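Have a look at entry20.cif; it's mmCIF, C-alpha atoms and all ligand atoms:
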```
data_target
loop_
_atom_site.label_atom_id
_atom_site.label_comp_id
_atom_site.auth_asym_id
_atom_site.auth_seq_id
_atom_site.Cartn_x
_atom_site.Cartn_y
_atom_site.Cartn_z
CA MET A 17 120.46 134.48 27.63
CA THR A 18 122.78 132.25 25.67
CA GLU A 19 121.48 131.24 22.32
CA GLU A 20 120.16 127.76 21.91
CA GLY A 21 123.00 125.27 21.56
CA GLU A 22 125.75 127.71 22.42
CA LYS A 23 128.02 126.51 25.16
CA LEU A 24 128.95 128.55 28.18
CA ILE A 25 132.35 128.68 29.82
CA SER A 26 132.61 129.99 33.38
CA VAL A 27 135.91 131.53 34.37
CA VAL A 28 136.25 131.59 38.16
CA VAL A 29 138.76 134.09 39.49
CA SER A 30 139.72 134.35 43.16
CA VAL A 31 140.54 137.86 44.23
CA TYR A 32 142.26 138.95 47.40
CA ASN A 33 143.65 142.47 47.36
CA GLU A 34 144.32 142.53 43.64
CA ALA A 35 143.19 146.11 42.91
CA GLU A 36 146.38 146.87 41.01
CA VAL A 37 145.92 144.13 38.48
CA LEU A 38 142.16 143.54 38.18
CA GLU A 39 141.44 145.84 35.28
CA ARG A 40 144.34 144.55 33.29
CA PHE A 41 143.32 140.97 34.05
CA CYS A 42 139.78 141.67 32.96
CA ARG A 43 140.84 143.39 29.77
CA GLU A 44 143.27 140.67 28.72
CA THR A 45 140.98 137.80 29.63
CA ARG A 46 137.99 139.26 27.85
CA ALA A 47 140.08 139.95 24.78
CA VAL A 48 140.72 136.20 24.63
CA LEU A 49 137.20 135.13 25.59
CA ASP A 50 135.57 137.42 23.04
CA ARG A 51 137.25 135.48 20.26
CA GLN A 52 136.04 132.04 21.40
CA PRO A 53 133.09 130.09 20.02
CA TRP A 54 131.74 129.59 23.56
CA ASP A 55 129.81 132.22 25.41
CA TYR A 56 131.31 133.17 28.75
CA GLU A 57 130.76 134.39 32.25
CA LEU A 58 133.57 135.84 34.33
CA LEU A 59 132.89 135.04 37.96
CA PHE A 60 135.03 136.97 40.41
CA VAL A 61 135.10 135.73 43.98
CA ASN A 62 136.17 138.53 46.26
CA ASP A 63 137.81 136.86 49.23
CA GLY A 64 137.50 139.69 51.73
CA SER A 65 139.77 142.18 49.96
CA VAL A 66 140.47 145.39 51.84
CA ASP A 67 142.10 147.40 49.08
CA GLY A 68 139.19 148.51 46.94
CA SER A 69 139.18 145.43 44.69
CA LEU A 70 135.44 145.08 45.28
CA ASP A 71 134.71 148.61 44.05
CA ILE A 72 136.62 147.93 40.86
CA LEU A 73 134.74 144.67 40.38
CA LYS A 74 131.39 146.35 40.97
CA ARG A 75 132.19 148.96 38.38
CA LEU A 76 133.17 146.29 35.85
CA ALA A 77 130.05 144.27 36.66
CA GLY A 78 127.93 147.38 36.17
CA GLN A 79 129.19 147.64 32.61
CA ASP A 80 128.80 144.02 31.60
CA ARG A 81 126.33 141.48 32.93
CA ARG A 82 128.63 138.63 32.03
CA ILE A 83 130.91 139.81 34.82
CA LYS A 84 129.64 138.40 38.10
CA ILE A 85 130.71 138.86 41.67
CA ILE A 86 130.46 136.80 44.80
CA SER A 87 131.82 138.74 47.73
CA PHE A 88 132.72 137.03 51.01
CA SER A 89 132.09 138.55 54.40
CA ARG A 90 135.80 138.15 55.25
CA ASN A 91 138.90 136.37 54.01
CA PHE A 92 138.27 132.62 53.75
CA GLY A 93 141.27 131.61 51.67
CA HIS A 94 141.97 130.84 48.06
CA GLU A 95 140.43 127.35 48.06
CA ALA A 96 137.20 128.56 49.64
CA ALA A 97 137.02 131.15 46.87
CA MET A 98 137.45 128.50 44.19
CA ILE A 99 134.82 126.31 45.84
CA ALA A 100 132.36 129.21 45.92
CA GLY A 101 133.08 129.76 42.24
CA LEU A 102 132.42 126.10 41.41
CA ASP A 103 129.22 126.24 43.47
CA HIS A 104 127.81 129.27 41.71
CA SER A 105 128.99 128.92 38.15
CA SER A 106 126.56 127.81 35.50
CA GLY A 107 128.90 126.98 32.62
CA ASP A 108 129.24 123.71 30.73
CA GLY A 109 132.90 124.02 31.55
CA ILE A 110 134.50 125.86 34.46
CA ILE A 111 138.02 127.26 34.56
CA CYS A 112 139.59 128.32 37.86
CA MET A 113 142.39 130.81 37.65
CA ASP A 114 144.27 133.46 39.62
CA ALA A 115 143.75 137.16 39.18
CA ASP A 116 147.43 138.04 39.00
CA LEU A 117 147.91 136.91 35.38
CA GLN A 118 150.30 134.15 36.43
CA HIS A 119 147.79 131.84 34.80
CA PRO A 120 147.87 133.10 31.22
CA PRO A 121 144.44 133.74 29.66
CA ALA A 122 146.08 132.74 26.39
CA CYS A 123 145.61 129.10 27.51
CA ILE A 124 141.82 129.37 27.37
CA PRO A 125 141.41 128.43 23.67
CA GLU A 126 143.41 125.26 24.26
CA ILE A 127 141.24 124.40 27.27
CA LEU A 128 138.07 124.84 25.21
CA GLU A 129 139.53 122.56 22.54
CA LYS A 130 140.09 119.88 25.16
CA PHE A 131 136.51 120.26 26.35
CA GLU A 132 135.33 119.88 22.76
CA GLU A 133 137.40 116.68 22.51
CA GLY A 134 135.43 115.31 25.44
CA TYR A 135 137.84 115.75 28.36
CA GLU A 136 136.24 116.58 31.67
CA VAL A 137 139.23 117.35 33.86
CA ILE A 138 142.00 119.51 32.48
CA ASN A 139 144.99 120.01 34.75
CA MET A 140 147.28 122.85 33.96
CA VAL A 141 150.88 121.95 34.75
CA ARG A 142 153.45 124.68 35.07
CA THR A 143 156.75 124.09 33.41
CA LYS A 144 158.41 127.07 34.97
CA ASN A 145 157.53 129.28 37.90
CA GLU A 146 159.58 132.41 37.54
CA SER A 147 158.31 134.36 40.48
CA ALA A 148 158.32 131.68 43.15
CA GLY A 149 162.01 131.76 44.05
CA TRP A 150 164.23 128.73 44.67
CA LEU A 151 163.09 128.14 48.26
CA LYS A 152 159.41 127.92 47.34
CA ASN A 153 160.20 125.71 44.35
CA LEU A 154 162.35 123.42 46.49
CA CYS A 155 159.68 123.18 49.20
CA SER A 156 157.05 122.49 46.59
CA ALA A 157 159.12 119.65 45.08
CA ALA A 158 159.80 118.19 48.54
CA PHE A 159 156.13 118.39 49.42
CA TYR A 160 155.04 116.41 46.37
CA ARG A 161 157.74 113.79 47.04
CA VAL A 162 156.52 113.28 50.59
CA ILE A 163 152.81 113.25 49.83
CA ASN A 164 153.27 110.78 46.95
CA VAL A 165 155.20 108.38 49.18
CA MET A 166 152.68 108.64 51.99
CA SER A 167 149.37 108.70 50.23
CA ASP A 168 147.51 106.06 48.25
CA VAL A 169 146.34 108.58 45.72
CA LYS A 170 149.05 110.05 43.53
CA PHE A 171 149.58 113.71 42.84
CA GLN A 172 151.15 115.35 39.92
CA SER A 173 153.92 117.67 41.01
CA ASN A 174 153.71 121.18 39.60
CA ALA A 175 149.97 120.94 39.17
CA SER A 176 148.60 124.33 40.03
CA ASP A 177 145.38 125.94 41.11
CA PHE A 178 144.81 126.54 37.45
CA PHE A 179 142.46 123.84 36.20
CA ALA A 180 139.28 123.30 34.28
CA VAL A 181 136.46 120.86 34.95
CA SER A 182 133.22 119.98 33.25
CA ARG A 183 129.88 120.77 34.79
CA ARG A 184 129.52 117.14 35.81
CA VAL A 185 132.84 117.10 37.69
CA ALA A 186 132.01 120.41 39.32
CA GLY A 187 128.81 118.74 40.52
CA VAL A 188 130.80 115.90 42.10
CA LEU A 189 133.16 118.34 43.81
CA LYS A 190 130.17 120.30 45.04
CA GLU A 191 128.29 117.33 46.43
CA ASN A 192 130.96 115.02 47.72
CA TYR A 193 134.06 117.01 48.59
CA ARG A 194 132.86 119.43 51.20
CA GLU A 195 135.63 118.84 53.70
CA LYS A 196 136.72 121.81 55.74
CA VAL A 197 140.37 120.82 55.72
CA ARG A 198 141.08 120.01 52.13
CA PHE A 199 143.34 120.06 49.10
CA LEU A 200 141.22 121.02 46.16
CA ARG A 201 143.70 120.33 43.42
CA GLY A 202 144.29 116.88 44.90
CA TYR A 203 140.58 116.16 44.56
CA VAL A 204 140.52 117.49 41.02
CA GLN A 205 143.32 115.09 40.11
CA ASN A 206 141.63 112.14 41.74
CA VAL A 207 137.96 112.27 40.83
CA GLY A 208 138.60 110.22 37.71
CA PHE A 209 136.74 110.99 34.44
CA ALA A 210 138.53 111.65 31.16
CA LYS A 211 141.44 113.84 32.08
CA THR A 212 144.33 115.49 30.38
CA THR A 213 147.03 118.02 31.12
CA ILE A 214 148.18 121.16 29.41
CA GLU A 215 151.55 122.69 30.10
CA TYR A 216 151.99 126.38 30.65
CA GLU A 217 154.62 128.77 31.84
CA ALA A 218 153.74 130.64 35.01
CA GLY A 219 154.92 134.15 34.43
CA VAL A 220 155.77 136.70 37.08
CA ARG A 221 152.96 138.31 38.99
CA ALA A 222 151.56 141.25 37.01
CA ALA A 223 151.44 143.49 40.10
CA GLY A 224 151.10 143.29 43.86
CA GLU A 225 152.67 140.51 45.89
CA SER A 226 152.08 136.85 46.67
CA LYS A 227 149.55 136.19 49.41
CA TYR A 228 151.09 132.88 50.37
CA SER A 229 153.78 133.05 53.00
CA ILE A 230 156.09 130.11 53.69
CA ARG A 231 154.27 129.66 57.01
CA LYS A 232 150.89 129.38 55.30
CA LEU A 233 152.33 126.90 52.83
CA PHE A 234 153.75 124.80 55.66
CA ARG A 235 150.37 124.68 57.42
CA PHE A 236 148.78 123.80 54.13
CA SER A 237 151.26 120.95 53.57
CA VAL A 238 150.67 119.45 57.02
CA ASN A 239 146.90 119.58 56.49
CA THR A 240 147.19 117.93 53.13
CA ILE A 241 149.32 115.08 54.44
CA VAL A 242 146.90 114.51 57.30
CA CYS A 243 143.96 114.66 54.89
CA PHE A 244 145.31 112.18 52.41
CA SER A 245 147.32 109.75 54.49
CA ASN A 246 146.92 107.68 57.65
CA LEU A 247 150.55 106.70 57.62
CA PRO A 248 151.66 109.18 60.31
CA LEU A 249 149.19 107.54 62.69
CA LYS A 250 150.99 104.25 62.25
CA LEU A 251 154.30 105.77 63.30
CA GLY A 252 153.37 104.92 66.88
CA ILE A 253 153.31 101.21 66.07
CA TYR A 254 156.67 101.36 64.30
CA ALA A 255 158.19 103.35 67.15
CA GLY A 256 156.84 100.81 69.65
CA VAL A 257 158.36 97.90 67.76
CA PHE A 258 161.64 99.78 67.47
CA ALA A 259 161.72 100.53 71.22
CA ALA A 260 160.93 96.90 72.05
CA LEU A 261 163.78 95.65 69.84
CA LEU A 262 166.15 98.17 71.37
CA GLY A 263 165.11 96.97 74.83
CA VAL A 264 165.85 93.35 73.95
CA VAL A 265 169.27 94.23 72.52
CA VAL A 266 170.23 96.25 75.61
CA MET A 267 168.96 93.49 77.88
CA ILE A 268 171.00 90.83 76.13
CA TYR A 269 174.04 93.08 76.16
CA THR A 270 173.66 93.69 79.92
CA LEU A 271 173.21 90.00 80.68
CA LEU A 272 176.27 89.04 78.66
CA THR A 273 178.66 91.69 79.90
CA ARG A 274 177.57 91.67 83.59
CA ASP A 275 179.68 94.74 84.20
CA GLY A 276 177.80 95.87 87.29
CA ALA A 277 174.87 98.25 87.54
CA PRO A 278 176.20 101.76 88.37
CA SER A 279 177.84 102.67 85.05
CA GLY A 280 175.68 103.82 82.12
CA TYR A 281 174.29 107.08 83.49
CA ALA A 282 174.77 108.82 80.14
CA THR A 283 173.10 105.97 78.30
CA ILE A 284 170.03 106.22 80.49
CA VAL A 285 169.70 109.97 80.08
CA ILE A 286 170.17 109.83 76.33
CA LEU A 287 167.76 106.95 75.89
CA ASN A 288 165.18 108.71 78.05
CA CYS A 289 165.34 111.89 76.00
CA PHE A 290 165.24 109.93 72.79
CA MET A 291 162.22 107.86 73.83
CA PHE A 292 160.28 110.84 75.15
CA ALA A 293 161.01 112.75 71.97
CA ILE A 294 159.49 109.96 69.90
CA LEU A 295 156.54 109.76 72.26
CA PHE A 296 155.77 113.47 72.15
CA VAL A 297 156.07 113.64 68.39
CA ILE A 298 153.56 110.82 68.11
CA VAL A 299 151.20 112.51 70.56
CA GLY A 300 151.54 115.68 68.45
CA ILE A 301 150.67 113.78 65.28
CA ILE A 302 147.57 112.32 66.92
CA GLY A 303 146.75 115.88 68.02
CA GLU A 304 146.85 117.03 64.39
CA TYR A 305 144.33 114.39 63.41
CA ILE A 306 142.09 115.22 66.36
CA ALA A 307 142.22 118.92 65.47
CA ILE A 308 141.06 118.10 61.96
CA LEU A 309 138.32 115.80 63.23
CA PHE A 310 137.18 118.61 65.48
CA THR A 311 137.14 121.11 62.64
CA GLU A 312 135.07 118.75 60.50
CA LEU A 313 132.72 118.04 63.36
CA LYS A 314 131.98 121.69 63.99
CA ASP A 315 130.89 121.88 60.38
CA ARG A 316 131.29 125.62 60.03
CA PRO A 317 130.65 127.05 56.57
CA VAL A 318 133.43 126.93 53.99
CA TYR A 319 132.60 130.54 53.12
CA ILE A 320 129.98 133.18 53.88
CA VAL A 321 128.63 135.31 51.06
CA GLU A 322 127.95 138.93 51.86
CA GLU A 323 126.80 140.22 48.50
CA THR A 324 126.64 139.25 44.85
CA ARG A 325 126.27 140.92 41.46
CA ASN A 326 124.69 139.63 38.24
CA LEU A 327 124.52 136.08 39.58
CA GLU A 328 120.94 135.56 38.45
CA VAL A 329 121.87 136.03 34.79
CA TRP A 330 122.09 132.67 32.99
CA ARG A 331 121.47 130.74 36.14
CA ARG A 332 120.34 127.36 34.97
CA GLU A 333 118.28 124.82 36.79
CA LYS A 334 120.46 123.01 39.27
CA ASN A 335 120.52 119.31 38.70
N1 LIG B 401 143.88 134.55 46.98
C1 LIG B 401 142.63 134.48 47.60
N2 LIG B 401 142.57 134.41 48.96
C2 LIG B 401 143.68 134.36 49.74
C3 LIG B 401 144.95 134.39 49.10
C4 LIG B 401 145.00 134.48 47.73
O1 LIG B 401 141.60 134.51 46.93
O2 LIG B 401 143.56 134.29 50.96
C5 LIG B 401 143.93 134.64 45.52
C6 LIG B 401 144.82 135.76 44.98
O3 LIG B 401 144.10 136.95 44.81
C7 LIG B 401 145.26 135.19 43.64
C8 LIG B 401 145.32 133.69 43.90
O4 LIG B 401 144.50 133.45 45.04
O5 LIG B 401 144.31 135.44 42.62
C9 LIG B 401 146.71 133.16 44.12
O6 LIG B 401 147.36 133.88 45.12
P1 LIG B 401 148.87 134.34 45.00
O7 LIG B 401 149.13 134.87 43.63
O8 LIG B 401 149.14 135.25 46.12
O9 LIG B 401 149.63 132.97 45.20
P2 LIG B 401 150.92 132.45 44.41
O10 LIG B 401 150.65 132.65 42.95
O11 LIG B 401 152.06 133.25 44.89
O12 LIG B 401 151.01 131.00 44.79
MG MG B 402 150.13 134.26 42.01
#
```

Output the file's structure in the form of structure tokens.
Ligand code: UDP
Ligand code: MG
Amino acid sequence: MTEEGEKLISVVVSVYNEAEVLERFCRETRAVLDRQPWDYELLFVNDGSVDGSLDILKRLAGQDRRIKIISFSRNFGHEAAMIAGLDHSSGDGIICMDADLQHPPACIPEILEKFEEGYEVINMVRTKNESAGWLKNLCSAAFYRVINVMSDVKFQSNASDFFAVSRRVAGVLKENYREKVRFLRGYVQNVGFAKTTIEYEAGVRAAGESKYSIRKLFRFSVNTIVCFSNLPLKLGIYAGVFAALLGVVVMIYTLLTRDGAPSGYATIVILNCFMFAILFVIVGIIGEYIAILFTELKDRPVYIVEETRNLEVWRREKN
């Protein structure tokens, strides 16, 4: 039990095949946490790892009851892991971070200071991402450009999945942001409350390799745009107006020139292809929205927990 008055920080760590780095992560993070005035719990969410990460975690949890495990029945994705962590943590403040040491544990003291100052949402912004490579960095920049133009809510570029929220904000995320297709860090930036940012340098991965392929990131980007913006749906209206104007121009041109009907075969073919292309793209966009509606409607669980360790320790009354 924490002593009366002592605050508790929950560190949520998503783990997917991180066996190579887990022990080092745990050692380095605890070295930092041990020196803080807040008590801590280290909540590992095992997202269906198949490389023995769970065994390592169980061993660590066996040695220290402050190390907790939620283990999923299969891989549900990084965001699902963070959501499970937010759901099950009992701290006054909750930090979400990656297991690969790209999110430096050395930032934790600064985060706790911000909590002490009264901030409830602390976004960690990376100044440099050494391991991502130019293509990923370029795509990431382009993505934020597009989403900020299209969406009413604004996103900070370079915000990462490294963030900290108060217990109250975690409660809001838990109750009101249960979408199946989602963008967690977008929600974190847009729930309001007193918020601040801390800059950090994302180092190279300590070991293992990135679990995010370009394809996954692309899917993720499309989902996010669809989630946060209705603008693509309006493309149909713009395209319709455009086609109507084009029709009027061609009509006037034909009436004025009166150069006989047979010529213009190429024009017809090109216009046909062009118009159908627009039409199919719009149908595809509507399809994306319907797919997401369907996913939400089915209301399948965000994650399924198979087993846990030490979760009962420090569990406070839910409010
Ligand atoms: N991760 C996860 N489930 C997944 C993919 C990744 O829990 O399906 C975890 C992974 O173990 C790591 C974090 O999410 O702790 C970030 O993943 P990664 O380092 O591969 O992403 P990157 O840093 O390259 O964006
Ligand atoms: Mg990483």

Each residue of chain A with at least one atom at most 6 Å from ligand LIG 401 (chain B) should appear once, together with its nearest atom pair and the corresponding distance in Å (one decimal); atoms considered: only C-alpha atoms and all ligand atoms; ordering: chain, then increasing residue number; output as a tab-separated table.
```
residue	atom	partner	partner_atom	distance
A:Ser30	CA	B:LIG401	O1	4.2
A:Val31	CA	B:LIG401	O3	3.7
A:Tyr32	CA	B:LIG401	O3	3.8
A:Glu34	CA	B:LIG401	O3	5.7
A:Asp63	CA	B:LIG401	O1	5.0
A:Asn91	CA	B:LIG401	O2	5.9
A:Gly93	CA	B:LIG401	O2	3.6
A:His94	CA	B:LIG401	C1	3.7
A:Ala97	CA	B:LIG401	O1	5.7
A:Asp114	CA	B:LIG401	O5	3.6
A:Ala115	CA	B:LIG401	O5	3.9
A:Asp116	CA	B:LIG401	O5	5.4
A:Ser226	CA	B:LIG401	O8	3.4
A:Lys227	CA	B:LIG401	O8	3.4
A:Tyr228	CA	B:LIG401	O8	5.2
```

Would you mind listing the residues within 10 Å of ligand MG 402 (chain B), counting all atoms listed in the file, as a PDB file with C-alpha atoms, in the frame of the given file?
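Wrote part36.pdb, looks like this:
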```pdb
ATOM      1  CA  MET A 113     142.390 130.810  37.650  1.00  0.00           C
ATOM      2  CA  ASP A 114     144.270 133.460  39.620  1.00  0.00           C
ATOM      3  CA  ALA A 115     143.750 137.160  39.180  1.00  0.00           C
ATOM      4  CA  ASP A 116     147.430 138.040  39.000  1.00  0.00           C
ATOM      5  CA  LEU A 117     147.910 136.910  35.380  1.00  0.00           C
ATOM      6  CA  GLN A 118     150.300 134.150  36.430  1.00  0.00           C
ATOM      7  CA  HIS A 119     147.790 131.840  34.800  1.00  0.00           C
ATOM      8  CA  ASN A 145     157.530 129.280  37.900  1.00  0.00           C
ATOM      9  CA  SER A 147     158.310 134.360  40.480  1.00  0.00           C
ATOM     10  CA  ALA A 148     158.320 131.680  43.150  1.00  0.00           C
ATOM     11  CA  ASP A 177     145.380 125.940  41.110  1.00  0.00           C
ATOM     12  CA  ALA A 218     153.740 130.640  35.010  1.00  0.00           C
ATOM     13  CA  GLY A 219     154.920 134.150  34.430  1.00  0.00           C
ATOM     14  CA  VAL A 220     155.770 136.700  37.080  1.00  0.00           C
ATOM     15  CA  ARG A 221     152.960 138.310  38.990  1.00  0.00           C
ATOM     16  CA  ALA A 222     151.560 141.250  37.010  1.00  0.00           C
ATOM     17  CA  ALA A 223     151.440 143.490  40.100  1.00  0.00           C
ATOM     18  CA  GLY A 224     151.100 143.290  43.860  1.00  0.00           C
ATOM     19  CA  GLU A 225     152.670 140.510  45.890  1.00  0.00           C
ATOM     20  CA  SER A 226     152.080 136.850  46.670  1.00  0.00           C
ATOM     21  CA  LYS A 227     149.550 136.190  49.410  1.00  0.00           C
ATOM     22  CA  TYR A 228     151.090 132.880  50.370  1.00  0.00           C
TER      23      TYR A 228
END
```

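Using all atoms listed in the file, the nearest neighbour of Ser106 (chain A) within the list A:Val169, A:Val28, A:Ile72, A:Ile124 is A:Val28.
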
Notebook entry, point to check: What is the CA of Ala210 (chain A)-CA of Val165 (chain A) distance in Å, reported with one decimal?
Noted result: 24.8 Å

List every residue of region 213-272 of chain A that has an atom at most 9 Å from any atom of region 128-144 of chain A, giving for each one its closest atom pair and the distance in Å to one decimal, counting all atoms listed in the file, sorted by chain and then by ascending residue number, as a Markdown table.
```
| residue | atom | partner | partner_atom | distance |
| --- | --- | --- | --- | --- |
| A:Thr213 | CA | A:Asn139 | CA | 4.6 |
| A:Ile214 | CA | A:Met140 | CA | 4.9 |
| A:Glu215 | CA | A:Val141 | CA | 4.8 |
| A:Tyr216 | CA | A:Arg142 | CA | 5.0 |
| A:Glu217 | CA | A:Lys144 | CA | 5.2 |
| A:Ala218 | CA | A:Lys144 | CA | 5.9 |
| A:Gly219 | CA | A:Lys144 | CA | 7.9 |
```

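Restricting the calculation to all atoms listed in the file, the smallest distance between Glu36 (chain A) and any of A:Asp67, A:Glu328, A:Asp103, A:Glu304 is found for A:Asp67.
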
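The shortest atom-to-atom distance to Arg316 (chain A), with all atoms listed in the file taken into account, belongs to A:Phe92 out of A:His104, A:Ala259, A:Phe92, A:Leu233.
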
Next item on the list: For a cut-off of 10 Å around (143.8, 121.0, 48.9), file coordinates, pick out all residues using all atoms listed in the file and list them as a VMD selection string.
Entry: chain A and resid 95 177 195 to 204 236 to 237 239 to 241 243 to 244

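Atom pair CA of Arg274 (chain A) / CA of Ala255 (chain A): separated by 28.0 Å.
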
Axis-aligned box for all listed atoms of region 279-293 of chain A, 4 Å per side, centre and edges in Å to one decimal, as lines of an AutoDock Vina configuration file:
```
center_x = 169.1
center_y = 107.7
center_z = 78.5
size_x = 25.6
size_y = 18.1
size_z = 21.1
```

Next item on the list: Can you pull out every residue within 12 Å of Leu287 (chain A), counting all atoms listed in the file, but drop anything in the same chain fewer than 5 positions away, and send it as a PyMOL selection string?
Entry: chain A and resi 259+262-263+266+280-282+292-294
